[in-house]
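Engineer: Here you go, this is start-v6.csv (CSV, C-alpha atoms).
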```
chain,number,residue,atom,x,y,z
A,1,MET,CA,77.6,79.8,104.4
A,2,THR,CA,75.7,82.3,102.2
A,3,ALA,CA,71.9,82.0,102.5
A,4,ARG,CA,70.3,80.8,99.3
A,5,ILE,CA,68.6,83.3,97.0
A,6,VAL,CA,66.8,81.9,94.0
A,7,VAL,CA,65.1,83.4,91.0
A,8,GLY,CA,61.3,83.4,91.5
A,9,MET,CA,61.6,83.9,95.2
A,10,ASP,CA,59.1,86.4,96.8
A,11,VAL,CA,60.9,89.4,98.2
A,12,ALA,CA,59.2,88.8,101.5
A,13,ASP,CA,61.0,85.4,101.8
A,14,LEU,CA,64.5,86.7,101.3
A,15,PRO,CA,67.0,85.8,104.0
A,16,THR,CA,68.1,88.9,105.8
A,17,PRO,CA,70.2,91.0,105.8
A,18,VAL,CA,70.3,91.2,102.1
A,19,VAL,CA,71.1,93.8,99.4
A,20,VAL,CA,68.1,94.3,97.1
A,21,VAL,CA,68.2,96.1,93.8
A,22,ASP,CA,65.2,97.2,91.8
A,23,ARG,CA,66.0,96.2,88.2
A,24,ALA,CA,63.6,98.7,86.6
A,25,ILE,CA,65.0,101.7,88.6
A,26,LEU,CA,68.6,100.6,87.8
A,27,ARG,CA,67.9,100.3,84.1
A,28,ARG,CA,66.3,103.8,84.2
A,29,ASN,CA,69.3,105.2,85.9
A,30,VAL,CA,71.6,103.6,83.4
A,31,ALA,CA,69.7,105.0,80.5
A,32,ALA,CA,69.3,108.5,82.0
A,33,MET,CA,73.1,109.0,82.6
A,34,ALA,CA,74.0,107.6,79.2
A,35,ALA,CA,71.6,110.1,77.6
A,36,HIS,CA,73.1,112.9,79.7
A,37,ALA,CA,76.6,112.0,78.5
A,38,ARG,CA,75.4,112.0,74.8
A,39,ARG,CA,73.8,115.4,75.2
A,40,LEU,CA,77.0,116.8,76.5
A,41,GLY,CA,79.1,115.1,73.9
A,42,VAL,CA,81.4,113.4,76.4
A,43,ALA,CA,82.3,109.8,76.8
A,44,LEU,CA,80.9,107.9,79.8
A,45,ARG,CA,83.1,105.6,81.8
A,46,PRO,CA,81.2,104.7,85.0
A,47,HIS,CA,83.0,103.8,88.2
A,48,TRP,CA,82.3,100.0,88.7
A,49,LYS,CA,83.0,99.9,92.4
A,50,THR,CA,79.3,100.9,93.0
A,51,THR,CA,77.9,97.6,91.7
A,52,LYS,CA,80.9,95.2,91.3
A,53,SER,CA,78.5,93.3,89.1
A,54,ALA,CA,79.2,91.9,85.6
A,55,GLN,CA,75.6,92.2,84.7
A,56,ALA,CA,75.3,95.9,85.7
A,57,ALA,CA,78.6,96.6,83.8
A,58,ARG,CA,77.2,95.1,80.7
A,59,LEU,CA,74.0,97.1,80.9
A,60,GLN,CA,76.1,100.3,81.2
A,61,LEU,CA,78.3,99.2,78.2
A,62,GLU,CA,75.3,98.3,76.1
A,63,ALA,CA,73.9,101.8,76.9
A,64,GLY,CA,77.0,103.4,75.4
A,65,ALA,CA,79.7,103.5,78.0
A,66,VAL,CA,83.2,103.4,76.4
A,67,GLY,CA,84.6,101.4,79.3
A,68,LEU,CA,84.6,101.2,83.1
A,69,THR,CA,86.6,102.7,85.9
A,70,ALA,CA,88.2,100.6,88.7
A,71,ALA,CA,89.6,101.6,92.1
A,72,THR,CA,91.4,98.4,92.9
A,73,ALA,CA,93.6,95.9,91.1
A,74,ALA,CA,91.0,93.2,91.7
A,75,GLU,CA,88.3,95.3,90.1
A,76,MET,CA,90.5,96.0,87.1
A,77,GLN,CA,91.3,92.3,86.6
A,78,ALA,CA,87.7,91.3,86.9
A,79,LEU,CA,86.6,93.9,84.3
A,80,ALA,CA,89.5,93.0,81.9
A,81,ASP,CA,88.5,89.3,82.1
A,82,GLY,CA,85.8,89.5,79.5
A,83,ILE,CA,83.5,92.2,81.0
A,84,SER,CA,84.9,95.5,79.6
A,85,PRO,CA,87.1,96.2,76.6
A,86,SER,CA,88.6,99.2,78.3
A,87,VAL,CA,89.5,99.8,82.0
A,88,PHE,CA,90.7,102.9,83.7
A,89,LEU,CA,92.5,102.2,87.0
A,90,ALA,CA,91.9,105.4,89.0
A,91,TYR,CA,94.5,104.5,91.6
A,92,PRO,CA,98.3,104.7,91.7
A,93,PRO,CA,99.8,101.3,90.6
A,94,VAL,CA,102.1,101.2,93.6
A,95,GLY,CA,103.5,97.8,94.7
A,96,ARG,CA,104.4,94.6,93.0
A,97,ALA,CA,100.9,93.1,93.3
A,98,ARG,CA,99.3,96.1,91.5
A,99,THR,CA,102.0,96.1,88.8
A,100,ASP,CA,101.4,92.3,88.2
A,101,ALA,CA,97.7,92.9,87.9
A,102,VAL,CA,98.1,95.7,85.4
A,103,LEU,CA,100.4,93.6,83.2
A,104,ALA,CA,97.9,90.7,83.4
A,105,ALA,CA,94.9,92.9,82.5
A,106,MET,CA,96.8,94.4,79.5
A,107,ARG,CA,96.7,91.0,77.9
A,108,SER,CA,92.9,91.1,77.4
A,109,ALA,CA,91.8,94.8,77.6
A,110,GLU,CA,92.9,98.4,77.0
A,111,VAL,CA,94.2,99.6,80.4
A,112,ILE,CA,94.7,103.2,81.4
A,113,ILE,CA,96.5,104.1,84.6
A,114,GLY,CA,95.9,107.1,86.8
A,115,ALA,CA,98.8,108.4,88.8
A,116,ASP,CA,100.3,111.7,90.1
A,117,SER,CA,104.0,111.0,90.2
A,118,VAL,CA,106.9,109.2,88.4
A,119,ASP,CA,107.5,107.1,91.5
A,120,ALA,CA,104.0,105.7,91.4
A,121,VAL,CA,104.5,104.2,87.9
A,122,ARG,CA,108.3,103.6,87.9
A,123,ASP,CA,108.1,99.9,88.4
A,124,LEU,CA,105.3,99.4,85.9
A,125,ALA,CA,107.0,101.6,83.3
A,126,GLU,CA,110.2,99.6,83.6
A,127,ARG,CA,108.5,96.3,83.2
A,128,VAL,CA,106.3,97.4,80.3
A,129,HIS,CA,109.3,98.9,78.5
A,130,ALA,CA,111.2,95.7,79.0
A,131,LEU,CA,108.3,93.9,77.1
A,132,GLY,CA,108.6,96.4,74.3
A,133,ARG,CA,105.2,97.9,75.1
A,134,THR,CA,103.8,101.2,76.5
A,135,VAL,CA,101.2,101.9,79.1
A,136,ALA,CA,98.8,104.8,78.9
A,137,VAL,CA,98.9,107.1,81.9
A,138,ARG,CA,96.6,109.9,83.0
A,139,LEU,CA,97.9,112.5,85.3
A,140,ASP,CA,95.9,112.8,88.5
A,141,VAL,CA,95.1,116.5,89.2
A,142,ASP,CA,93.8,117.8,92.5
A,143,THR,CA,91.0,120.2,91.7
A,144,GLY,CA,90.1,120.7,95.4
A,145,LEU,CA,89.5,117.4,97.1
A,146,ARG,CA,93.0,117.2,98.7
A,147,ARG,CA,93.3,113.5,98.4
A,148,THR,CA,95.7,112.5,95.7
A,149,GLY,CA,96.8,114.4,92.6
A,150,VAL,CA,99.2,117.1,91.8
A,151,VAL,CA,98.2,120.7,92.3
A,152,PRO,CA,97.6,122.4,88.9
A,153,GLU,CA,100.7,124.6,89.2
A,154,LYS,CA,102.9,121.5,89.3
A,155,ALA,CA,101.0,119.6,86.6
A,156,VAL,CA,103.1,120.6,83.6
A,157,GLY,CA,106.3,119.5,85.3
A,158,ALA,CA,104.7,116.2,86.5
A,159,ALA,CA,103.4,115.5,83.0
A,160,ARG,CA,106.8,116.3,81.5
A,161,ALA,CA,108.5,113.9,83.9
A,162,LEU,CA,106.0,111.1,83.2
A,163,ALA,CA,106.3,111.6,79.4
A,164,ALA,CA,110.1,111.3,79.6
A,165,MET,CA,109.8,107.8,81.1
A,166,PRO,CA,110.4,104.9,78.6
A,167,GLY,CA,107.3,102.8,78.4
A,168,VAL,CA,104.9,105.6,79.3
A,169,VAL,CA,102.5,107.5,77.1
A,170,VAL,CA,100.7,110.4,78.9
A,171,GLU,CA,97.2,110.0,77.6
A,172,GLY,CA,95.4,112.6,79.5
A,173,VAL,CA,94.4,114.2,82.8
A,174,TRP,CA,91.8,113.3,85.3
A,175,THR,CA,90.3,114.4,88.6
A,176,HIS,CA,87.7,113.2,91.2
A,177,GLU,CA,85.8,116.3,92.2
A,178,GLY,CA,84.6,114.7,95.4
A,179,GLN,CA,84.6,118.1,97.1
A,180,VAL,CA,81.3,118.8,95.3
A,181,GLN,CA,79.5,116.5,97.7
A,182,GLY,CA,80.9,118.4,100.6
A,183,VAL,CA,79.0,121.6,99.4
A,184,GLY,CA,75.8,119.9,100.6
A,185,ALA,CA,72.2,120.5,99.4
A,186,ASP,CA,72.7,124.0,98.0
A,187,GLU,CA,72.3,123.3,94.3
A,188,THR,CA,73.7,126.6,93.1
A,189,ARG,CA,76.9,126.2,95.2
A,190,ARG,CA,77.2,122.6,94.0
A,191,MET,CA,76.9,123.6,90.4
A,192,LYS,CA,79.6,126.3,90.9
A,193,ALA,CA,81.9,123.8,92.6
A,194,GLY,CA,81.6,121.3,89.8
A,195,VAL,CA,82.1,123.8,87.0
A,196,ALA,CA,85.1,125.2,88.9
A,197,ALA,CA,86.7,121.8,89.0
A,198,GLY,CA,86.0,121.1,85.4
A,199,ARG,CA,87.5,124.5,84.3
A,200,LEU,CA,90.6,123.9,86.4
A,201,LEU,CA,91.1,120.5,84.8
A,202,VAL,CA,90.6,121.9,81.3
A,203,GLU,CA,93.0,124.7,81.9
A,204,THR,CA,95.6,122.2,83.2
A,205,ALA,CA,95.2,120.1,80.1
A,206,GLU,CA,95.7,123.1,77.9
A,207,ALA,CA,98.9,124.1,79.8
A,208,ILE,CA,100.2,120.6,79.3
A,209,ARG,CA,99.5,120.7,75.6
A,210,ALA,CA,101.2,124.0,75.3
A,211,ASP,CA,104.3,122.3,76.7
A,212,GLY,CA,104.2,119.9,73.8
A,213,ILE,CA,102.5,116.9,75.4
A,214,PRO,CA,99.3,116.1,73.3
A,215,VAL,CA,97.0,114.9,76.0
A,216,THR,CA,93.6,113.8,74.6
A,217,SER,CA,91.5,112.7,77.6
A,218,VAL,CA,90.2,115.3,80.1
A,219,SER,CA,88.2,113.2,82.6
A,220,VAL,CA,86.0,114.2,85.5
A,221,GLY,CA,84.3,111.8,87.8
A,222,SER,CA,81.6,111.9,90.5
A,223,THR,CA,77.8,111.6,90.9
A,224,PRO,CA,77.5,114.9,92.7
A,225,GLY,CA,79.4,116.6,89.9
A,226,ALA,CA,77.8,114.8,87.0
A,227,ARG,CA,75.5,117.7,86.2
A,228,SER,CA,78.1,120.3,86.4
A,229,ALA,CA,81.8,119.3,85.8
A,230,PRO,CA,81.2,117.6,82.4
A,231,THR,CA,79.4,120.7,81.1
A,232,VAL,CA,82.6,122.6,80.8
A,233,PRO,CA,83.9,122.8,77.2
A,234,GLY,CA,87.0,120.7,76.8
A,235,ILE,CA,85.9,117.9,79.2
A,236,THR,CA,86.0,114.7,77.2
A,237,GLU,CA,84.9,112.1,79.7
A,238,MET,CA,82.8,111.6,82.8
A,239,ARG,CA,83.1,108.8,85.4
A,240,PRO,CA,80.1,108.9,87.8
A,241,GLY,CA,79.5,105.7,89.9
A,242,THR,CA,76.8,106.0,92.6
A,243,TYR,CA,74.1,107.2,90.1
A,244,VAL,CA,73.4,103.6,89.0
A,245,LEU,CA,72.0,102.6,92.4
A,246,GLY,CA,71.6,105.9,94.3
A,247,ASP,CA,71.8,106.1,98.1
A,248,GLU,CA,70.7,108.2,101.1
A,249,ASN,CA,73.6,110.5,100.9
A,250,GLN,CA,72.8,111.5,97.3
A,251,VAL,CA,69.1,112.0,98.2
A,252,ARG,CA,70.1,114.1,101.1
A,253,ILE,CA,72.1,116.6,99.1
A,254,GLY,CA,69.7,116.6,96.2
A,255,THR,CA,71.7,114.9,93.4
A,256,VAL,CA,69.4,111.9,93.3
A,257,GLU,CA,65.6,111.8,93.7
A,258,ASN,CA,63.9,109.4,96.2
A,259,ASP,CA,62.4,107.4,93.3
A,260,ASP,CA,65.8,107.0,91.6
A,261,VAL,CA,67.3,104.9,94.5
A,262,ALA,CA,67.5,101.3,93.3
A,263,VAL,CA,69.2,99.8,96.3
A,264,SER,CA,68.1,98.9,99.9
A,265,VAL,CA,69.1,96.5,102.6
A,266,HIS,CA,66.3,94.3,103.9
A,267,SER,CA,66.7,93.6,107.5
A,268,SER,CA,64.6,91.7,110.1
A,269,VAL,CA,63.6,93.0,113.5
A,270,VAL,CA,65.2,90.6,116.0
A,271,SER,CA,64.4,92.4,119.3
A,272,ILE,CA,62.3,95.3,120.7
A,273,GLU,CA,64.0,95.2,124.1
A,274,PRO,CA,65.3,97.3,125.8
A,275,GLU,CA,63.7,100.6,124.8
A,276,PRO,CA,64.3,102.9,123.1
A,277,TRP,CA,66.0,100.6,120.7
A,278,VAL,CA,64.6,98.3,118.0
A,279,ILE,CA,67.4,95.8,117.1
A,280,ILE,CA,67.6,94.7,113.5
A,281,ASP,CA,70.0,92.1,111.9
A,282,ALA,CA,71.8,94.7,109.7
A,283,GLY,CA,74.8,96.1,111.6
A,284,ILE,CA,78.0,97.5,110.2
A,285,LYS,CA,78.8,94.2,108.5
A,286,ALA,CA,75.7,94.6,106.4
A,287,MET,CA,75.4,98.4,106.2
A,288,SER,CA,79.1,99.5,106.3
A,289,SER,CA,80.2,102.4,108.4
A,290,ASP,CA,80.2,105.0,105.7
A,291,GLY,CA,79.3,108.5,107.1
A,292,SER,CA,76.0,110.2,106.5
A,293,THR,CA,75.5,113.6,104.9
A,294,HIS,CA,72.7,114.1,107.5
A,295,GLY,CA,75.5,114.8,109.9
A,296,ASP,CA,73.9,112.7,112.7
A,297,GLY,CA,76.1,109.6,112.6
A,298,ARG,CA,73.4,107.3,111.2
A,299,ILE,CA,74.3,104.2,109.2
A,300,GLY,CA,71.0,103.9,107.4
A,301,THR,CA,67.5,105.3,106.9
A,302,VAL,CA,64.4,103.2,107.0
A,303,ILE,CA,62.1,103.7,104.0
A,304,GLY,CA,58.5,102.6,104.4
A,305,PRO,CA,55.6,103.2,106.9
A,306,SER,CA,57.5,102.4,110.1
A,307,GLY,CA,60.1,105.1,109.5
A,308,GLY,CA,63.1,105.3,111.7
A,309,VAL,CA,66.9,105.7,111.6
A,310,VAL,CA,69.6,103.1,112.1
A,311,VAL,CA,71.5,105.4,114.4
A,312,THR,CA,74.5,103.0,114.9
A,313,GLY,CA,75.5,99.4,114.7
A,314,HIS,CA,77.6,96.6,116.1
A,315,GLU,CA,78.8,93.9,113.8
A,316,GLU,CA,75.5,92.0,113.4
A,317,HIS,CA,73.2,94.4,115.3
A,318,GLY,CA,71.6,97.6,114.0
A,319,PHE,CA,70.2,100.0,116.5
A,320,LEU,CA,67.0,101.4,115.0
A,321,GLN,CA,65.4,104.4,116.6
A,322,GLY,CA,62.1,106.2,115.8
A,323,ALA,CA,60.4,103.3,114.2
A,324,THR,CA,56.7,102.8,115.0
A,325,GLY,CA,54.5,99.7,115.0
A,326,VAL,CA,57.3,97.2,114.4
A,327,ARG,CA,57.3,93.7,115.9
A,328,VAL,CA,59.9,90.9,116.1
A,329,GLY,CA,60.1,89.2,112.7
A,330,ASP,CA,59.0,92.3,110.7
A,331,VAL,CA,61.3,93.2,107.8
A,332,VAL,CA,62.3,96.8,107.3
A,333,LYS,CA,63.9,98.3,104.2
A,334,VAL,CA,67.0,100.4,105.0
A,335,ARG,CA,68.4,102.9,102.5
A,336,PRO,CA,72.2,102.9,103.0
A,337,ASN,CA,74.3,106.1,103.3
A,338,HIS,CA,76.6,105.0,100.6
A,339,ALA,CA,75.8,102.3,98.0
A,340,CYS,CA,79.4,101.4,97.1
A,341,GLY,CA,80.4,100.5,100.7
A,342,VAL,CA,77.3,98.5,101.2
A,343,VAL,CA,77.6,96.4,98.1
A,344,ASN,CA,81.2,95.5,99.0
A,345,MET,CA,79.9,94.0,102.3
A,346,HIS,CA,77.8,91.4,100.5
A,347,SER,CA,78.6,88.4,98.3
A,348,GLN,CA,75.4,88.6,96.2
A,349,ILE,CA,72.6,91.0,95.2
A,350,ALA,CA,69.0,90.1,94.9
A,351,VAL,CA,67.7,91.8,91.8
A,352,VAL,CA,63.9,92.2,92.0
A,353,GLU,CA,61.0,93.4,89.9
A,354,ASP,CA,57.4,93.6,91.0
A,355,GLY,CA,58.2,92.0,94.3
A,356,VAL,CA,59.9,88.9,92.8
A,357,VAL,CA,63.6,88.0,92.5
A,358,VAL,CA,64.4,88.1,88.8
A,359,ASP,CA,68.2,87.6,89.0
A,360,VAL,CA,71.0,87.0,91.5
A,361,TRP,CA,74.2,89.0,90.8
A,362,PRO,CA,77.5,87.8,92.4
A,363,VAL,CA,79.5,90.7,93.9
A,364,LEU,CA,82.9,90.4,92.3
A,365,ALA,CA,86.4,91.7,93.4
A,366,ARG,CA,85.3,92.3,97.0
A,367,HIS,CA,88.0,93.5,99.4
```
Any chance you could put this one into structure tokens?
Structural biologist:
Amino acid sequence: MTARIVVGMDVADLPTPVVVVDRAILRRNVAAMAAHARRLGVALRPHWKTTKSAQAARLQLEAGAVGLTAATAAEMQALADGISPSVFLAYPPVGRARTDAVLAAMRSAEVIIGADSVDAVRDLAERVHALGRTVAVRLDVDTGLRRTGVVPEKAVGAARALAAMPGVVVEGVWTHEGQVQGVGADETRRMKAGVAAGRLLVETAEAIRADGIPVTSVSVGSTPGARSAPTVPGITEMRPGTYVLGDENQVRIGTVENDDVAVSVHSSVVSIEPEPWVIIDAGIKAMSSDGSTHGDGRIGTVIGPSGGVVVTGHEEHGFLQGATGVRVGDVVKVRPNHACGVVNMHSQIAVVEDGVVVDVWPVLARH
């Protein structure tokens, strides 16, 4: 049973472990990224997996986002169900369940699909064509992450094959320049990596257009690359996600400032035996097991006077090391390595301002 969180509750009385979001910081982050996109003259389509919150999505849309990005069929369906007028599914629609979800979402929202092969969209294209409709597809291009996506040299052929499919309109190209985070804290190298990814995507789009396919969207997406990749002339859209909450990984590499992190996990000290550990009630089920850019295996970093690092975790136990002056019953605030993974571990978010809960956001489309 989920512990009860109510509006008006003092933050000190929250049941732990609990995800806490500072509303003022979140709103500031939303406004800052929207202003950045406007200055660059590119559309903003934030990745929704960071918050999985209808309320956060609406704040982003009100600030000027053209739509939202989803990673799963459940996220796409939740967004299409009255939250966002336009959804980009940045994941191949492979399997009957995903195809069903796309068809359902298309009844209430604009849906754009990201894929890197004919095989990934074959079933969807056949079913859409049978209905007398078309589906917009963006070609996934690998600009260096080596995850999904065609290499640029094969992009023209892949786009041509997709465009030949009945039921498919090749709407654009996209990439996730996640390799920018791997560069680390060197800002110059990070900027170069982001710009290189953006240029490669623009060049790929130009080659596809030269082949006779009039792609319009050229979309990059990551928080580490948000200050670099979208600055390349020819980029039309950016899809950062983590920026809205921030996290320790982004602070560590310098893409987010300490004061711009809106999210923390509040956790109670449950044991101070045996040394050298302090045991807290936030283990991997509360913090997730996402890796740290510190490179030391930690699952979280305490912010506040006690200090300390959550060096590892069992399911309900976090192993805190380096904290000073803590006693059983004390509450520590832990900054997660990765906001997206942490939010997905919880069913609700306590939204606070000035030490008081001002809203409770359900976490939708968990998986």
Engineer: Give the answer as one residue: which of A:Val326, A:Ala101, A:Ala282, A:Ala90 has the shortest atom-to-atom distance to Pro15 (chain A), using all atoms listed in the file?
Structural biologist: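 Closest to Pro15 (chain A) of all the choices is A:Ala282.
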Engineer: Can you tell me which residues surround region 197-205 of chain A at a distance of at most 10 Å, considering only C-alpha atoms, apart from same-chain residues fewer than 6 positions away, and format the answer as a PyMOL selection string?
Structural biologist: chain A and resi 139-145+151-156+159+172-180+211+213-221+225+228-236
Engineer: Set out as CSV a contact list for region 191-308 of chain A and region 43-59 of chain A with a cut-off of 7 Å, giving each residue of region 191-308 of chain A that qualifies its closest atom pair and distance in Å to one decimal, counting all atoms listed in the file, ordered by chain and rising residue number.
Structural biologist:
```
residue,atom,partner,partner_atom,distance
A:Thr236,CA,A:Ala43,CA,6.2
A:Glu237,CA,A:Ala43,CA,4.5
A:Met238,CA,A:Leu44,CA,5.1
A:Arg239,CA,A:Pro46,CA,4.5
A:Pro240,CA,A:Pro46,CA,5.2
A:Gly241,CA,A:His47,CA,4.3
A:Thr242,CA,A:Thr50,CA,5.7
```
Engineer: Of the candidates A:Ala350, A:Ile279, A:Ala3, A:Ala365, which one gets nearest to Met76 (chain A) if we count all atoms listed in the file?
Structural biologist: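 Distance minimum relative to Met76 (chain A) lands on A:Ala365.
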Engineer: Where does region 174-238 of chain A meet region 252-263 of chain A within 9 Å, residue by residue, with the nearest atom pair and distance in Å to one decimal for each, counting all atoms listed in the file, listed by chain and rising number, as a Markdown table?
Structural biologist:
```
| residue | atom | partner | partner_atom | distance |
| --- | --- | --- | --- | --- |
| A:Gln181 | CA | A:Ile253 | CA | 7.5 |
| A:Val183 | CA | A:Ile253 | CA | 8.5 |
| A:Gly184 | CA | A:Ile253 | CA | 5.2 |
| A:Ala185 | CA | A:Ile253 | CA | 3.9 |
| A:Asp186 | CA | A:Ile253 | CA | 7.5 |
| A:Glu187 | CA | A:Gly254 | CA | 7.4 |
| A:Thr223 | CA | A:Thr255 | CA | 7.4 |
| A:Pro224 | CA | A:Thr255 | CA | 5.8 |
| A:Gly225 | CA | A:Thr255 | CA | 8.6 |
| A:Ala226 | CA | A:Thr255 | CA | 8.8 |
| A:Arg227 | CA | A:Thr255 | CA | 8.6 |
```
Engineer: Which one of A:Gly291, A:Gly132, A:Gly67, A:Gly355 sits closest to Ala339 (chain A) if you count all atoms listed in the file?
Structural biologist: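 Closest residue, counting all atoms listed in the file: A:Gly291.
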Engineer: Between CA of Asp290 (chain A) and CA of Ala71 (chain A), what is the distance in Å, rounded to a tenth?
Structural biologist: 16.9 Å
Engineer: Just the number, please: distance in Å from CA of Ala136 (chain A) to CA of His36 (chain A), one decimal.
Structural biologist: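 Spanning CA of Ala136 (chain A) to CA of His36 (chain A) is a straight-line distance of 27.0 Å.
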Engineer: Step by step: start from the point (62.3, 88.7, 108.9) in the file's coordinates, keep every protein, DNA or RNA residue that has an atom no farther than 7 Å from it, count all atoms listed in the file, and write the set as a PyMOL selection string.
Structural biologist: chain A and resi 16+267-269+329-331
Engineer: Ranking A:Thr148, A:Arg133, A:Val278, A:Thr72 by minimum distance to Gly325 (chain A) and counting all atoms listed in the file, which one comes first?
Structural biologist: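 Residue with the minimum atom-to-atom distance to Gly325 (chain A): A:Val278.
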Engineer: Out of A:Gly41, A:Gly149, A:Pro276, A:Gly82, which residue has the shortest atom-to-atom distance to Asp116 (chain A) when counting only C-alpha atoms?
Structural biologist: A:Gly149
Engineer: Counting all atoms listed in the file, which of A:Gln60, A:Thr134, A:Thr188, A:Ser288 gets nearest to Ala35 (chain A)?
Structural biologist: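 Residue with the minimum atom-to-atom distance to Ala35 (chain A): A:Gln60.
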Engineer: In Å, with one decimal, what is the gap from CA of Arg146 (chain A) to CA of Ala193 (chain A)?
Structural biologist: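 For CA of Arg146 (chain A) relative to CA of Ala193 (chain A), the distance reads 14.3 Å.
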